[in-house]
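**Q** First the structure, then my questions, so here it is.
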Amino acid sequence: MTGDADFAYLAIKLRRHGIRVEVASVAQNLGHILKSAANDVIDLAPLFRTFEMMKVERTIVLHNGNHREAIDRAAPVNFDRTALNRDQLQRLDRLGVVDAAVIDRQSAITVIGINLNEAFPEPNVAPAVILLGLDGRGNDRINANNHAIKMTRASSSDSGVAP
Amino acid sequence: MVVYAGLPPAIPTWQEERDKKNKFMYWLRSNGFMVVTKDGAPAEEGHYKANVDVMMAIDALELSIEIGLMSLSS
């Protein structure tokens, strides 16, 4: 989810490995090199228009009767899912956007609603990319320290030379 | 040895600078360096933008399968 044209190189690399690349960005921030490098482009502008601006309300809270503290309270984001067509809803769900939770109690400073079941609809994508990077020779080289040193010590001890 | 270089944009304004840098790239290639270049994009007056950081990171990830030690200098 970026429009930075520097990622065009990554998109091309991924496509060479047979991975489909979709770029989600706003049109004015999308570099044309990245646009041409990707399989498809998702324009986020219509999605952003469905959001209302968050209203931040500053309230004064009294602690122990004498300590005054200002708290910024973010109003929950409301958007009407019925106003979106099927394609927009599908893309909305793909991005993991869910309705904000409504908590019926006092002093909820900030309400963040995350449905983990919907937030990661394609959990196998990231592991596939990671495995692609690691599964070359069966040696992931995560601990790359002193393999060469061990070899040197082994060979030098065989030849009787002090390391 | 790999050299990453950002080139001036391929537009007439930057052509002279680009030719100078291309000569250096030619010298590097002729002397055994592998050269990876990226065309820059015009930025504010008298400057251009050519970041090779993402290219280096991706290539480093690929090379990490083959090699055990990588040295970066700039």
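Here's how to read the names in the structure tokens: chain A, B, ... by the order shown, residue numbers from 1 in each chain, ligand numbers from 1 in the order shown.
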Using only C-alpha atoms, find each residue of chain B with at least one atom at most 12 Å away from an atom of chain A; report its shortest atom-to-atom pair and that distance in Å (one decimal), sort the rows by chain and rising residue number, and return the result as a Markdown table.
**A**
| residue | atom | partner | partner_atom | distance |
| --- | --- | --- | --- | --- |
| B:Gly6 | CA | A:Asp6 | CA | 11.8 |
| B:Val36 | CA | A:Tyr9 | CA | 11.9 |
| B:Thr37 | CA | A:Tyr9 | CA | 11.7 |
| B:Lys38 | CA | A:Asp6 | CA | 9.7 |
| B:Asp39 | CA | A:Asp6 | CA | 10.8 |
| B:Gly40 | CA | A:Asp6 | CA | 10.4 |
| B:Ala41 | CA | A:Ala5 | CA | 10.2 |
| B:Lys49 | CA | A:Asp6 | CA | 10.5 |
| B:Ala50 | CA | A:Asp6 | CA | 8.7 |
| B:Asn51 | CA | A:Asp6 | CA | 7.1 |
| B:Val52 | CA | A:Asp6 | CA | 7.7 |
| B:Asp53 | CA | A:Asp6 | CA | 8.3 |
| B:Val54 | CA | A:Asp6 | CA | 6.4 |
| B:Met55 | CA | A:Tyr9 | CA | 6.4 |
| B:Met56 | CA | A:Tyr9 | CA | 10.1 |
| B:Ala57 | CA | A:Leu10 | CA | 9.6 |
| B:Ile58 | CA | A:Leu10 | CA | 6.9 |
| B:Asp59 | CA | A:Leu10 | CA | 9.6 |
| B:Ala60 | CA | A:Gly133 | CA | 10.6 |
| B:Leu61 | CA | A:Gly133 | CA | 6.9 |
| B:Glu62 | CA | A:Gly133 | CA | 6.5 |
| B:Leu63 | CA | A:Gly133 | CA | 9.6 |
| B:Ser64 | CA | A:Arg141 | CA | 6.8 |
| B:Ile65 | CA | A:Asp140 | CA | 6.0 |
| B:Glu66 | CA | A:Arg137 | CA | 8.1 |
| B:Ile67 | CA | A:Arg141 | CA | 8.1 |
| B:Gly68 | CA | A:Ala144 | CA | 5.2 |
| B:Leu69 | CA | A:Ala144 | CA | 7.1 |
| B:Met70 | CA | A:Ala144 | CA | 10.1 |
**Q** Could those selected residues go to a file with N, CA, C and O atoms, as a short mmCIF file (atom, residue, chain, number, x, y, z; two decimals), in the first residue's frame?
**A**
data_model
loop_
_atom_site.label_atom_id
_atom_site.label_comp_id
_atom_site.auth_asym_id
_atom_site.auth_seq_id
_atom_site.Cartn_x
_atom_site.Cartn_y
_atom_site.Cartn_z
N GLY B 6 22.90 6.24 -8.66
CA GLY B 6 21.75 6.95 -9.21
C GLY B 6 22.22 7.90 -10.29
O GLY B 6 23.13 8.69 -10.06
N VAL B 36 24.98 -1.29 -10.94
CA VAL B 36 23.52 -1.24 -11.01
C VAL B 36 23.13 0.23 -10.96
O VAL B 36 23.49 0.94 -10.02
N THR B 37 22.43 0.70 -11.97
CA THR B 37 22.08 2.12 -12.03
C THR B 37 20.57 2.31 -11.98
O THR B 37 19.80 1.38 -12.26
N LYS B 38 20.22 3.50 -11.58
CA LYS B 38 18.81 3.85 -11.58
C LYS B 38 18.67 5.27 -12.10
O LYS B 38 19.40 6.17 -11.65
N ASP B 39 17.76 5.46 -13.05
CA ASP B 39 17.54 6.81 -13.57
C ASP B 39 16.85 7.66 -12.52
O ASP B 39 15.86 7.23 -11.92
N GLY B 40 17.36 8.85 -12.32
CA GLY B 40 16.78 9.75 -11.34
C GLY B 40 15.57 10.48 -11.90
O GLY B 40 15.26 10.41 -13.09
N ALA B 41 14.90 11.17 -10.99
CA ALA B 41 13.75 12.00 -11.36
C ALA B 41 14.05 13.44 -10.95
O ALA B 41 14.64 13.65 -9.89
N LYS B 49 16.40 13.31 -7.84
CA LYS B 49 16.20 12.28 -6.83
C LYS B 49 16.45 10.92 -7.47
O LYS B 49 15.85 10.59 -8.49
N ALA B 50 17.34 10.14 -6.85
CA ALA B 50 17.61 8.79 -7.36
C ALA B 50 18.00 7.91 -6.18
O ALA B 50 19.18 7.73 -5.90
N ASN B 51 17.01 7.40 -5.49
CA ASN B 51 17.27 6.56 -4.33
C ASN B 51 17.46 5.11 -4.77
O ASN B 51 16.61 4.56 -5.47
N VAL B 52 18.54 4.51 -4.34
CA VAL B 52 18.79 3.11 -4.68
C VAL B 52 18.66 2.21 -3.45
O VAL B 52 19.02 1.05 -3.49
N ASP B 53 18.09 2.76 -2.37
CA ASP B 53 18.04 2.01 -1.12
C ASP B 53 17.19 0.74 -1.23
O ASP B 53 17.57 -0.33 -0.75
N VAL B 54 16.03 0.85 -1.88
CA VAL B 54 15.15 -0.32 -2.00
C VAL B 54 15.81 -1.38 -2.88
O VAL B 54 15.76 -2.58 -2.58
N MET B 55 16.46 -0.93 -3.95
CA MET B 55 17.16 -1.88 -4.83
C MET B 55 18.23 -2.63 -4.05
O MET B 55 18.36 -3.86 -4.18
N MET B 56 18.99 -1.89 -3.26
CA MET B 56 20.05 -2.53 -2.47
C MET B 56 19.48 -3.53 -1.47
O MET B 56 20.03 -4.63 -1.30
N ALA B 57 18.38 -3.16 -0.82
CA ALA B 57 17.78 -4.04 0.18
C ALA B 57 17.28 -5.34 -0.45
O ALA B 57 17.50 -6.44 0.09
N ILE B 58 16.64 -5.23 -1.61
CA ILE B 58 16.10 -6.42 -2.27
C ILE B 58 17.23 -7.32 -2.76
O ILE B 58 17.21 -8.54 -2.57
N ASP B 59 18.25 -6.71 -3.37
CA ASP B 59 19.38 -7.50 -3.84
C ASP B 59 20.13 -8.14 -2.68
O ASP B 59 20.61 -9.28 -2.79
N ALA B 60 20.23 -7.42 -1.56
CA ALA B 60 20.90 -7.98 -0.38
C ALA B 60 20.14 -9.20 0.13
O ALA B 60 20.75 -10.20 0.53
N LEU B 61 18.82 -9.12 0.11
CA LEU B 61 18.00 -10.26 0.54
C LEU B 61 18.24 -11.47 -0.35
O LEU B 61 18.38 -12.60 0.12
N GLU B 62 18.32 -11.24 -1.63
CA GLU B 62 18.57 -12.35 -2.57
C GLU B 62 19.98 -12.91 -2.38
O GLU B 62 20.18 -14.12 -2.37
N LEU B 63 20.95 -12.00 -2.23
CA LEU B 63 22.34 -12.46 -2.08
C LEU B 63 22.58 -13.17 -0.76
O LEU B 63 23.51 -13.96 -0.64
N SER B 64 21.75 -12.89 0.24
CA SER B 64 21.96 -13.49 1.56
C SER B 64 21.87 -15.01 1.51
O SER B 64 22.35 -15.70 2.40
N ILE B 65 21.20 -15.54 0.47
CA ILE B 65 21.13 -17.00 0.31
C ILE B 65 22.50 -17.56 -0.09
O ILE B 65 22.88 -18.65 0.30
N GLU B 66 23.24 -16.78 -0.85
CA GLU B 66 24.48 -17.25 -1.43
C GLU B 66 25.71 -16.96 -0.56
O GLU B 66 26.68 -17.70 -0.58
N ILE B 67 25.68 -15.84 0.16
CA ILE B 67 26.89 -15.39 0.84
C ILE B 67 26.68 -15.30 2.34
O ILE B 67 25.56 -15.26 2.82
N GLY B 68 27.79 -15.29 3.07
CA GLY B 68 27.71 -15.22 4.52
C GLY B 68 28.08 -13.87 5.08
O GLY B 68 27.74 -13.53 6.21
N LEU B 69 28.79 -13.09 4.33
CA LEU B 69 29.23 -11.78 4.82
C LEU B 69 29.06 -10.75 3.71
O LEU B 69 29.45 -10.99 2.57
N MET B 70 28.47 -9.63 4.07
CA MET B 70 28.28 -8.55 3.10
C MET B 70 28.81 -7.26 3.70
O MET B 70 28.53 -6.94 4.85
#
**Q** Excluding segment 42-44 of chain B and residues on its chain fewer than 5 positions from it, collect all residues at most 10 Å away from it, counting only C-alpha atoms, and give them as a ChimeraX atom specification.
**A** /B:8-11,13-14,49-50
**Q** Put those residues in a file: all heavy atoms, as an mmCIF file, in the first residue's frame.
**A**
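Contents of result_14.cif, freshly written:
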data_model
loop_
_atom_site.group_PDB
_atom_site.id
_atom_site.type_symbol
_atom_site.label_atom_id
_atom_site.label_comp_id
_atom_site.auth_asym_id
_atom_site.auth_seq_id
_atom_site.Cartn_x
_atom_site.Cartn_y
_atom_site.Cartn_z
ATOM 1 N N PRO B 8 21.635 10.959 -13.197
ATOM 2 C CA PRO B 8 20.767 12.113 -13.456
ATOM 3 C C PRO B 8 19.652 11.745 -14.427
ATOM 4 O O PRO B 8 19.800 10.809 -15.223
ATOM 5 C CB PRO B 8 21.730 13.135 -14.071
ATOM 6 C CG PRO B 8 23.071 12.742 -13.589
ATOM 7 C CD PRO B 8 23.039 11.252 -13.490
ATOM 8 N N PRO B 9 18.545 12.455 -14.375
ATOM 9 C CA PRO B 9 17.414 12.126 -15.259
ATOM 10 C C PRO B 9 17.815 12.183 -16.733
ATOM 11 O O PRO B 9 18.679 12.974 -17.115
ATOM 12 C CB PRO B 9 16.394 13.227 -14.937
ATOM 13 C CG PRO B 9 16.780 13.750 -13.612
ATOM 14 C CD PRO B 9 18.252 13.595 -13.493
ATOM 15 N N ALA B 10 17.171 11.343 -17.524
ATOM 16 C CA ALA B 10 17.478 11.286 -18.959
ATOM 17 C C ALA B 10 16.707 12.377 -19.696
ATOM 18 O O ALA B 10 15.856 12.105 -20.554
ATOM 19 C CB ALA B 10 17.135 9.906 -19.509
ATOM 20 N N ILE B 11 16.982 13.605 -19.347
ATOM 21 C CA ILE B 11 16.357 14.748 -20.018
ATOM 22 C C ILE B 11 17.473 15.721 -20.421
ATOM 23 O O ILE B 11 18.560 15.691 -19.821
ATOM 24 C CB ILE B 11 15.324 15.451 -19.101
ATOM 25 C CG1 ILE B 11 15.972 15.848 -17.768
ATOM 26 C CG2 ILE B 11 14.119 14.583 -18.863
ATOM 27 C CD1 ILE B 11 15.044 16.622 -16.845
ATOM 28 N N THR B 13 18.209 18.703 -19.868
ATOM 29 C CA THR B 13 18.767 19.559 -18.818
ATOM 30 C C THR B 13 19.910 18.881 -18.080
ATOM 31 O O THR B 13 20.877 19.525 -17.674
ATOM 32 C CB THR B 13 17.663 19.920 -17.802
ATOM 33 O OG1 THR B 13 16.469 20.220 -18.505
ATOM 34 C CG2 THR B 13 18.085 21.091 -16.934
ATOM 35 N N TRP B 14 19.764 17.592 -17.894
ATOM 36 C CA TRP B 14 20.745 16.843 -17.100
ATOM 37 C C TRP B 14 21.693 16.029 -17.965
ATOM 38 O O TRP B 14 22.463 15.239 -17.422
ATOM 39 C CB TRP B 14 20.012 15.916 -16.127
ATOM 40 C CG TRP B 14 19.350 16.626 -15.011
ATOM 41 C CD1 TRP B 14 18.033 16.951 -14.906
ATOM 42 C CD2 TRP B 14 19.980 17.128 -13.826
ATOM 43 N NE1 TRP B 14 17.800 17.619 -13.735
ATOM 44 C CE2 TRP B 14 18.976 17.735 -13.049
ATOM 45 C CE3 TRP B 14 21.295 17.125 -13.358
ATOM 46 C CZ2 TRP B 14 19.241 18.331 -11.819
ATOM 47 C CZ3 TRP B 14 21.550 17.707 -12.128
ATOM 48 C CH2 TRP B 14 20.545 18.312 -11.382
ATOM 49 N N LYS B 49 16.404 13.310 -7.841
ATOM 50 C CA LYS B 49 16.202 12.275 -6.831
ATOM 51 C C LYS B 49 16.455 10.919 -7.468
ATOM 52 O O LYS B 49 15.849 10.592 -8.488
ATOM 53 C CB LYS B 49 14.763 12.360 -6.311
ATOM 54 C CG LYS B 49 14.323 11.235 -5.399
ATOM 55 C CD LYS B 49 12.856 11.415 -5.025
ATOM 56 C CE LYS B 49 12.333 10.216 -4.254
ATOM 57 N NZ LYS B 49 12.152 9.020 -5.075
ATOM 58 N N ALA B 50 17.342 10.144 -6.854
ATOM 59 C CA ALA B 50 17.611 8.790 -7.363
ATOM 60 C C ALA B 50 18.002 7.909 -6.182
ATOM 61 O O ALA B 50 19.183 7.730 -5.902
ATOM 62 C CB ALA B 50 18.707 8.823 -8.415
#
**Q** From the DSSP assignment of the backbone, select every residue of segment 24-72 of chain B that is strand (DSSP E or B), and format the answer as a VMD selection string.
**A** chain B and resid 34 to 39 41 to 42 48 to 49
**Q** Limited to all heavy atoms, could you put the picked residues into a file as a tab-separated table (two decimals), in the first residue's frame?
**A**
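So the final result, stored in out34.tsv, reads:
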chain	number	residue	atom	x	y	z
B	34	MET	N	30.53	-4.73	-10.91
B	34	MET	CA	29.17	-4.87	-11.43
B	34	MET	C	28.43	-3.59	-11.05
B	34	MET	O	28.41	-3.21	-9.88
B	34	MET	CB	28.48	-6.08	-10.81
B	34	MET	CG	27.06	-6.28	-11.28
B	34	MET	SD	26.27	-7.65	-10.44
B	34	MET	CE	24.60	-7.47	-11.04
B	35	VAL	N	27.84	-2.94	-12.02
B	35	VAL	CA	27.21	-1.64	-11.78
B	35	VAL	C	25.70	-1.75	-11.96
B	35	VAL	O	25.23	-2.27	-12.97
B	35	VAL	CB	27.78	-0.57	-12.74
B	35	VAL	CG1	27.10	0.76	-12.49
B	35	VAL	CG2	29.28	-0.44	-12.55
B	36	VAL	N	24.98	-1.29	-10.94
B	36	VAL	CA	23.52	-1.24	-11.01
B	36	VAL	C	23.13	0.23	-10.96
B	36	VAL	O	23.49	0.94	-10.02
B	36	VAL	CB	22.87	-1.99	-9.83
B	36	VAL	CG1	21.35	-1.90	-9.92
B	36	VAL	CG2	23.32	-3.44	-9.81
B	37	THR	N	22.43	0.70	-11.97
B	37	THR	CA	22.08	2.12	-12.03
B	37	THR	C	20.57	2.31	-11.98
B	37	THR	O	19.80	1.38	-12.26
B	37	THR	CB	22.60	2.75	-13.33
B	37	THR	OG1	22.04	2.06	-14.44
B	37	THR	CG2	24.11	2.72	-13.39
B	38	LYS	N	20.22	3.50	-11.58
B	38	LYS	CA	18.81	3.85	-11.58
B	38	LYS	C	18.67	5.27	-12.10
B	38	LYS	O	19.40	6.17	-11.65
B	38	LYS	CB	18.25	3.76	-10.16
B	38	LYS	CG	16.79	4.15	-10.08
B	38	LYS	CD	16.26	4.11	-8.68
B	38	LYS	CE	14.81	4.54	-8.68
B	38	LYS	NZ	14.24	4.52	-7.34
B	39	ASP	N	17.76	5.46	-13.05
B	39	ASP	CA	17.54	6.81	-13.57
B	39	ASP	C	16.85	7.66	-12.52
B	39	ASP	O	15.86	7.23	-11.92
B	39	ASP	CB	16.67	6.75	-14.83
B	39	ASP	CG	17.46	6.26	-16.03
B	39	ASP	OD1	18.70	6.21	-15.92
B	39	ASP	OD2	16.84	5.93	-17.04
B	41	ALA	N	14.90	11.17	-10.99
B	41	ALA	CA	13.75	12.00	-11.36
B	41	ALA	C	14.05	13.44	-10.95
B	41	ALA	O	14.64	13.65	-9.89
B	41	ALA	CB	12.49	11.49	-10.67
B	42	PRO	N	13.68	14.40	-11.77
B	42	PRO	CA	13.96	15.79	-11.39
B	42	PRO	C	13.26	16.17	-10.09
B	42	PRO	O	12.10	15.81	-9.88
B	42	PRO	CB	13.38	16.60	-12.56
B	42	PRO	CG	13.20	15.64	-13.66
B	42	PRO	CD	12.98	14.30	-13.05
B	48	TYR	N	18.23	16.39	-8.33
B	48	TYR	CA	17.43	15.26	-8.81
B	48	TYR	C	17.40	14.19	-7.74
B	48	TYR	O	18.22	14.18	-6.82
B	48	TYR	CB	18.00	14.70	-10.12
B	48	TYR	CG	19.37	14.08	-10.03
B	48	TYR	CD1	19.52	12.73	-9.77
B	48	TYR	CD2	20.52	14.85	-10.21
B	48	TYR	CE1	20.79	12.17	-9.67
B	48	TYR	CE2	21.77	14.29	-10.13
B	48	TYR	CZ	21.91	12.95	-9.87
B	48	TYR	OH	23.14	12.39	-9.77
B	49	LYS	N	16.40	13.31	-7.84
B	49	LYS	CA	16.20	12.28	-6.83
B	49	LYS	C	16.45	10.92	-7.47
B	49	LYS	O	15.85	10.59	-8.49
B	49	LYS	CB	14.76	12.36	-6.31
B	49	LYS	CG	14.32	11.23	-5.40
B	49	LYS	CD	12.86	11.41	-5.03
B	49	LYS	CE	12.33	10.22	-4.25
B	49	LYS	NZ	12.15	9.02	-5.08
**Q** Can you work out the spacing between atom CA of Phe48 of chain A and atom CA of Gln28 of chain A in Å, to one decimal?
**A**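 Atom-to-atom, atom CA of Phe48 of chain A and atom CA of Gln28 of chain A are spaced 13.5 Å apart.
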**Q** Counting only C-alpha atoms, figure out which residue out of A:Met1, A:His32, A:Ile12, A:Asn85 gets nearest to Leu44 of chain A.
**A**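 Checking each candidate against Leu44 of chain A, we get A:Met1 as the closest.
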